[in-house]
file coords-v1.cif (mmCIF, C-alpha atoms)
data_coords
#
loop_
_atom_site.label_atom_id
_atom_site.label_comp_id
_atom_site.auth_asym_id
_atom_site.auth_seq_id
_atom_site.Cartn_x
_atom_site.Cartn_y
_atom_site.Cartn_z
CA MET A 1 123.83 4.10 -49.21
CA LYS A 2 125.11 3.69 -45.73
CA LEU A 3 122.65 2.81 -42.95
CA LYS A 4 122.98 4.33 -39.52
CA LEU A 5 123.27 2.10 -36.49
CA SER A 6 119.74 3.04 -35.33
CA GLU A 7 118.31 2.12 -38.75
CA LEU A 8 120.10 -1.24 -38.64
CA ALA A 9 118.66 -1.85 -35.19
CA GLN A 10 115.13 -1.12 -36.42
CA LEU A 11 115.64 -3.41 -39.41
CA ALA A 12 116.89 -6.16 -37.10
CA GLU A 13 113.80 -5.75 -34.90
CA ILE A 14 111.51 -6.06 -37.92
CA VAL A 15 113.34 -9.14 -39.16
CA GLY A 16 113.20 -10.61 -35.63
CA ALA A 17 109.46 -9.95 -35.34
CA VAL A 18 108.83 -11.61 -38.71
CA ALA A 19 110.94 -14.60 -37.62
CA VAL A 20 108.91 -14.93 -34.40
CA VAL A 21 105.62 -14.87 -36.35
CA VAL A 22 106.91 -17.47 -38.83
CA SER A 23 108.11 -19.65 -35.93
CA LEU A 24 104.73 -19.43 -34.20
CA LEU A 25 102.93 -20.39 -37.40
CA TYR A 26 105.24 -23.36 -37.82
CA VAL A 27 104.67 -24.46 -34.21
CA GLY A 28 100.91 -24.11 -34.69
CA ILE A 29 100.98 -26.27 -37.80
CA GLU A 30 103.10 -28.91 -36.07
CA VAL A 31 100.82 -28.97 -33.02
CA ARG A 32 97.82 -29.44 -35.31
CA ARG A 33 99.56 -32.31 -37.14
CA ASN A 34 100.58 -33.91 -33.86
CA THR A 35 97.03 -33.64 -32.54
CA ALA A 36 95.66 -35.29 -35.68
CA ALA A 37 98.25 -38.07 -35.44
CA THR A 38 97.45 -38.63 -31.76
CA GLN A 39 93.73 -38.79 -32.50
CA ALA A 40 94.28 -41.26 -35.32
CA ALA A 41 96.52 -43.46 -33.15
CA THR A 42 94.06 -43.36 -30.26
CA TYR A 43 91.17 -44.29 -32.51
CA GLN A 44 93.21 -47.17 -33.93
CA GLU A 45 93.99 -48.42 -30.41
CA VAL A 46 90.32 -48.23 -29.39
CA VAL A 47 89.27 -50.10 -32.54
CA GLN A 48 92.02 -52.69 -32.00
CA ALA A 49 90.85 -53.33 -28.44
CA SER A 50 87.28 -53.75 -29.69
CA ASN A 51 88.40 -56.10 -32.44
CA GLU A 52 90.38 -58.26 -30.01
CA PHE A 53 87.34 -58.42 -27.75
CA LEU A 54 85.07 -59.52 -30.59
CA LEU A 55 87.58 -61.98 -32.00
CA ALA A 56 87.94 -63.63 -28.59
CA LEU A 57 84.19 -64.24 -28.59
CA ALA A 58 84.09 -65.36 -32.21
CA GLY A 59 87.04 -67.71 -31.73
CA ASP A 60 85.72 -69.40 -28.61
CA PRO A 61 82.42 -71.26 -29.12
CA GLU A 62 82.29 -72.11 -25.41
CA LEU A 63 82.50 -68.41 -24.47
CA ALA A 64 79.85 -67.61 -27.08
CA GLU A 65 77.55 -70.15 -25.43
CA ILE A 66 78.25 -68.65 -22.00
CA VAL A 67 77.36 -65.18 -23.28
CA GLN A 68 74.19 -66.53 -24.87
CA LYS A 69 73.22 -68.26 -21.62
CA ALA A 70 74.03 -65.16 -19.55
CA GLU A 71 71.86 -63.00 -21.77
CA THR A 72 68.91 -65.38 -21.85
CA ASP A 73 68.91 -67.12 -18.44
CA PRO A 74 71.81 -66.02 -16.19
CA GLY A 75 70.54 -68.26 -13.39
CA LYS A 76 71.72 -71.29 -15.39
CA LEU A 77 75.38 -70.21 -15.39
CA THR A 78 77.72 -72.47 -13.45
CA ASP A 79 80.22 -70.78 -11.12
CA LEU A 80 82.97 -71.13 -13.71
CA GLU A 81 80.74 -69.80 -16.48
CA GLY A 82 79.76 -66.90 -14.26
CA ARG A 83 83.42 -66.04 -13.71
CA ARG A 84 84.16 -66.22 -17.42
CA TYR A 85 81.16 -64.04 -18.21
CA PHE A 86 82.26 -61.56 -15.54
CA ALA A 87 85.72 -61.33 -17.16
CA TYR A 88 84.15 -60.97 -20.61
CA GLN A 89 81.94 -58.12 -19.40
CA ARG A 90 84.80 -56.47 -17.49
CA VAL A 91 86.88 -56.28 -20.66
CA PHE A 92 83.93 -54.82 -22.55
CA TRP A 93 83.26 -52.13 -19.95
CA ARG A 94 86.94 -51.23 -19.62
CA ASN A 95 87.14 -50.80 -23.39
CA MET A 96 84.07 -48.55 -23.36
CA ASP A 97 85.38 -46.59 -20.37
CA ASN A 98 88.71 -46.09 -22.16
CA ALA A 99 86.93 -44.78 -25.25
CA PHE A 100 84.96 -42.37 -23.04
CA VAL A 101 88.09 -41.09 -21.30
CA GLN A 102 89.83 -40.62 -24.65
CA HIS A 103 86.79 -38.65 -25.82
CA GLN A 104 86.84 -36.49 -22.69
CA ARG A 105 90.52 -35.71 -23.29
CA GLY A 106 89.72 -34.64 -26.82
CA VAL A 107 91.66 -37.37 -28.62
CA LEU A 108 88.61 -39.39 -29.70
CA ALA A 109 86.33 -37.25 -31.85
CA ASP A 110 82.57 -36.93 -31.35
CA PRO A 111 81.54 -39.15 -34.30
CA GLU A 112 83.77 -42.02 -33.16
CA TRP A 113 82.64 -41.67 -29.55
CA GLY A 114 79.04 -41.63 -30.78
CA VAL A 115 79.47 -45.13 -32.17
CA TYR A 116 80.96 -46.45 -28.93
CA SER A 117 78.45 -44.69 -26.66
CA GLY A 118 75.62 -46.19 -28.70
CA ILE A 119 77.04 -49.69 -28.32
CA ALA A 120 77.65 -49.16 -24.59
CA CYS A 121 74.10 -47.88 -24.01
CA ASN A 122 72.67 -50.86 -25.89
CA VAL A 123 74.59 -53.26 -23.67
CA ARG A 124 73.81 -51.22 -20.54
CA THR A 125 70.07 -51.44 -21.17
CA GLY A 126 69.98 -54.80 -22.96
CA ALA A 127 69.69 -58.41 -21.90
CA ALA A 128 72.85 -58.24 -19.79
CA SER A 129 71.93 -55.05 -17.92
CA TRP A 130 71.79 -57.10 -14.73
CA SER A 131 75.60 -57.40 -14.77
CA TRP A 132 76.27 -53.62 -14.87
CA SER A 133 76.39 -53.29 -11.08
CA PHE A 134 79.32 -55.74 -10.93
CA HIS A 135 81.48 -53.43 -13.06
CA SER A 136 80.32 -49.85 -12.57
CA GLY A 137 82.29 -49.36 -9.35
CA ASP A 138 85.58 -49.89 -11.18
CA LEU A 139 84.96 -47.43 -14.01
CA SER A 140 85.38 -43.67 -14.25
CA PRO A 141 82.57 -41.88 -12.38
CA ASP A 142 81.66 -39.64 -15.33
CA PHE A 143 81.31 -42.69 -17.58
CA VAL A 144 79.12 -44.43 -14.99
CA ARG A 145 76.86 -41.36 -14.73
CA LEU A 146 76.57 -41.25 -18.51
CA MET A 147 75.72 -44.95 -18.74
CA ASP A 148 73.16 -44.66 -15.96
CA LYS A 149 71.33 -42.10 -18.13
CA CYS A 150 70.96 -44.56 -21.03
#

call {"tool": "encode", "arguments": {"input": "coords-v1.cif", "output": "structure tokens"}}
result
Amino acid sequence: MKLKLSELAQLAEIVGAVAVVVSLLYVGIEVRRNTAATQAATYQEVVQASNEFLLALAGDPELAEIVQKAETDPGKLTDLEGRRYFAYQRVFWRNMDNAFVQHQRGVLADPEWGVYSGIACNVRTGAASWSWSFHSGDLSPDFVRLMDKC
């Protein structure tokens, strides 16, 4: 059976269309995998930053005392202690702001962001709420608005 040139052309178009569909499916699957990998890596980075922050506090009894003093009677902080507490808080708020931005961009899922937003709101409204004004001007405006609603 000999195919005419027009029949071969139609067959080639069908094969081409199937190839395009298969290619698009493959690209979709790869994009989904890449998105999942990016989300996992971002979450790991956010957790790592939080762990480093907590380990710095746990590994430095003097800093732990400064934080305790700042959260019970900030008026008793020396200038140096006040500077150390400021740096400690700045790292905390930058970590929380980063988690928020990653959530806004869709790479930190809602459940993970829920954990971080809960922690941030607790700090924002807790014993150290007096220090928020020192940091809020250097954070993303949407994050600041969210924290001001806590």

call {"tool": "resolve_selection", "arguments": {"input": "coords-v1.cif", "expression": "the PyMOL selection byres ((chain A and resi 22-39) around 9)", "output": "MDAnalysis selection string"}}
result
chainID A and resid 17:21 40:44 102 106:109

call {"tool": "resolve_selection", "arguments": {"input": "coords-v1.cif", "expression": "the PyMOL selection byres ((chain A and resi 131-137) around 8)", "output": "list in words"}}
result
Phe86, Gln89, Arg90, Trp93, Arg124, Ala128, Ser129, Trp130, Asp138, Leu139 and Val144 of chain A

call {"tool": "closest_residue", "arguments": {"input": "coords-v1.cif", "among": "A:Ala70, A:Ala49, A:Ala127, A:Ser117", "to": "A:Asp148", "atoms": "all atoms listed in the file"}}
result
A:Ser117

call {"tool": "atom_distance", "arguments": {"input": "coords-v1.cif", "atom1": "atom CA of A:Gly82", "atom2": "atom CA of A:Glu45"}}
result
28.4 Å

call {"tool": "atom_distance", "arguments": {"input": "coords-v1.cif", "atom1": "atom CA of A:Arg83", "atom2": "atom CA of A:Leu54"}}
result
18.2 Å

call {"tool": "closest_residue", "arguments": {"input": "coords-v1.cif", "among": "A:Ser50, A:Ile119, A:Thr125, A:Gly16", "to": "A:Glu71", "atoms": "only C-alpha atoms"}}
result
A:Thr125

call {"tool": "residues_around", "arguments": {"input": "coords-v1.cif", "residues": "A:Tyr116", "least_positions_apart": "3", "cutoff": "9 Å", "atoms": "all atoms listed in the file", "output": "list in words"}}
result
Met96, Ala99, Phe100, Glu112, Trp113, Ile119, Ala120 and Cys121 of chain A

call {"tool": "atom_distance", "arguments": {"input": "coords-v1.cif", "atom1": "atom CA of A:Arg94", "atom2": "atom CA of A:Gln48"}}
result
13.5 Å

call {"tool": "closest_residue", "arguments": {"input": "coords-v1.cif", "among": "A:Leu8, A:Val101, A:Cys150, A:Leu3", "to": "A:Asn122", "atoms": "all atoms listed in the file"}}
result
A:Cys150

call {"tool": "decode", "arguments": {"input": "coords-v1.cif", "residues": "stretch 87-106 of chain A", "atoms": "C-alpha atoms", "output": "JSON list (two decimals), in the first residue's frame"}}
result
[["chain", "number", "residue", "atom", "x", "y", "z"],
["A", 87, "ALA", "CA", 20.97, 42.79, 67.00],
["A", 88, "TYR", "CA", 19.29, 39.69, 68.40],
["A", 89, "GLN", "CA", 15.84, 41.10, 67.64],
["A", 90, "ARG", "CA", 16.92, 42.33, 64.19],
["A", 91, "VAL", "CA", 17.99, 38.82, 63.21],
["A", 92, "PHE", "CA", 14.69, 37.43, 64.48],
["A", 93, "TRP", "CA", 12.59, 39.93, 62.53],
["A", 94, "ARG", "CA", 14.63, 39.50, 59.35],
["A", 95, "ASN", "CA", 14.13, 35.74, 59.58],
["A", 96, "MET", "CA", 10.38, 36.21, 60.02],
["A", 97, "ASP", "CA", 10.23, 38.77, 57.20],
["A", 98, "ASN", "CA", 12.10, 36.35, 54.92],
["A", 99, "ALA", "CA", 9.64, 33.58, 55.73],
["A", 100, "PHE", "CA", 6.77, 35.96, 54.93],
["A", 101, "VAL", "CA", 8.27, 37.00, 51.59],
["A", 102, "GLN", "CA", 8.89, 33.35, 50.67],
["A", 103, "HIS", "CA", 5.24, 32.65, 51.52],
["A", 104, "GLN", "CA", 4.07, 35.57, 49.37],
["A", 105, "ARG", "CA", 6.10, 34.24, 46.44],
["A", 106, "GLY", "CA", 4.47, 30.86, 46.84]]
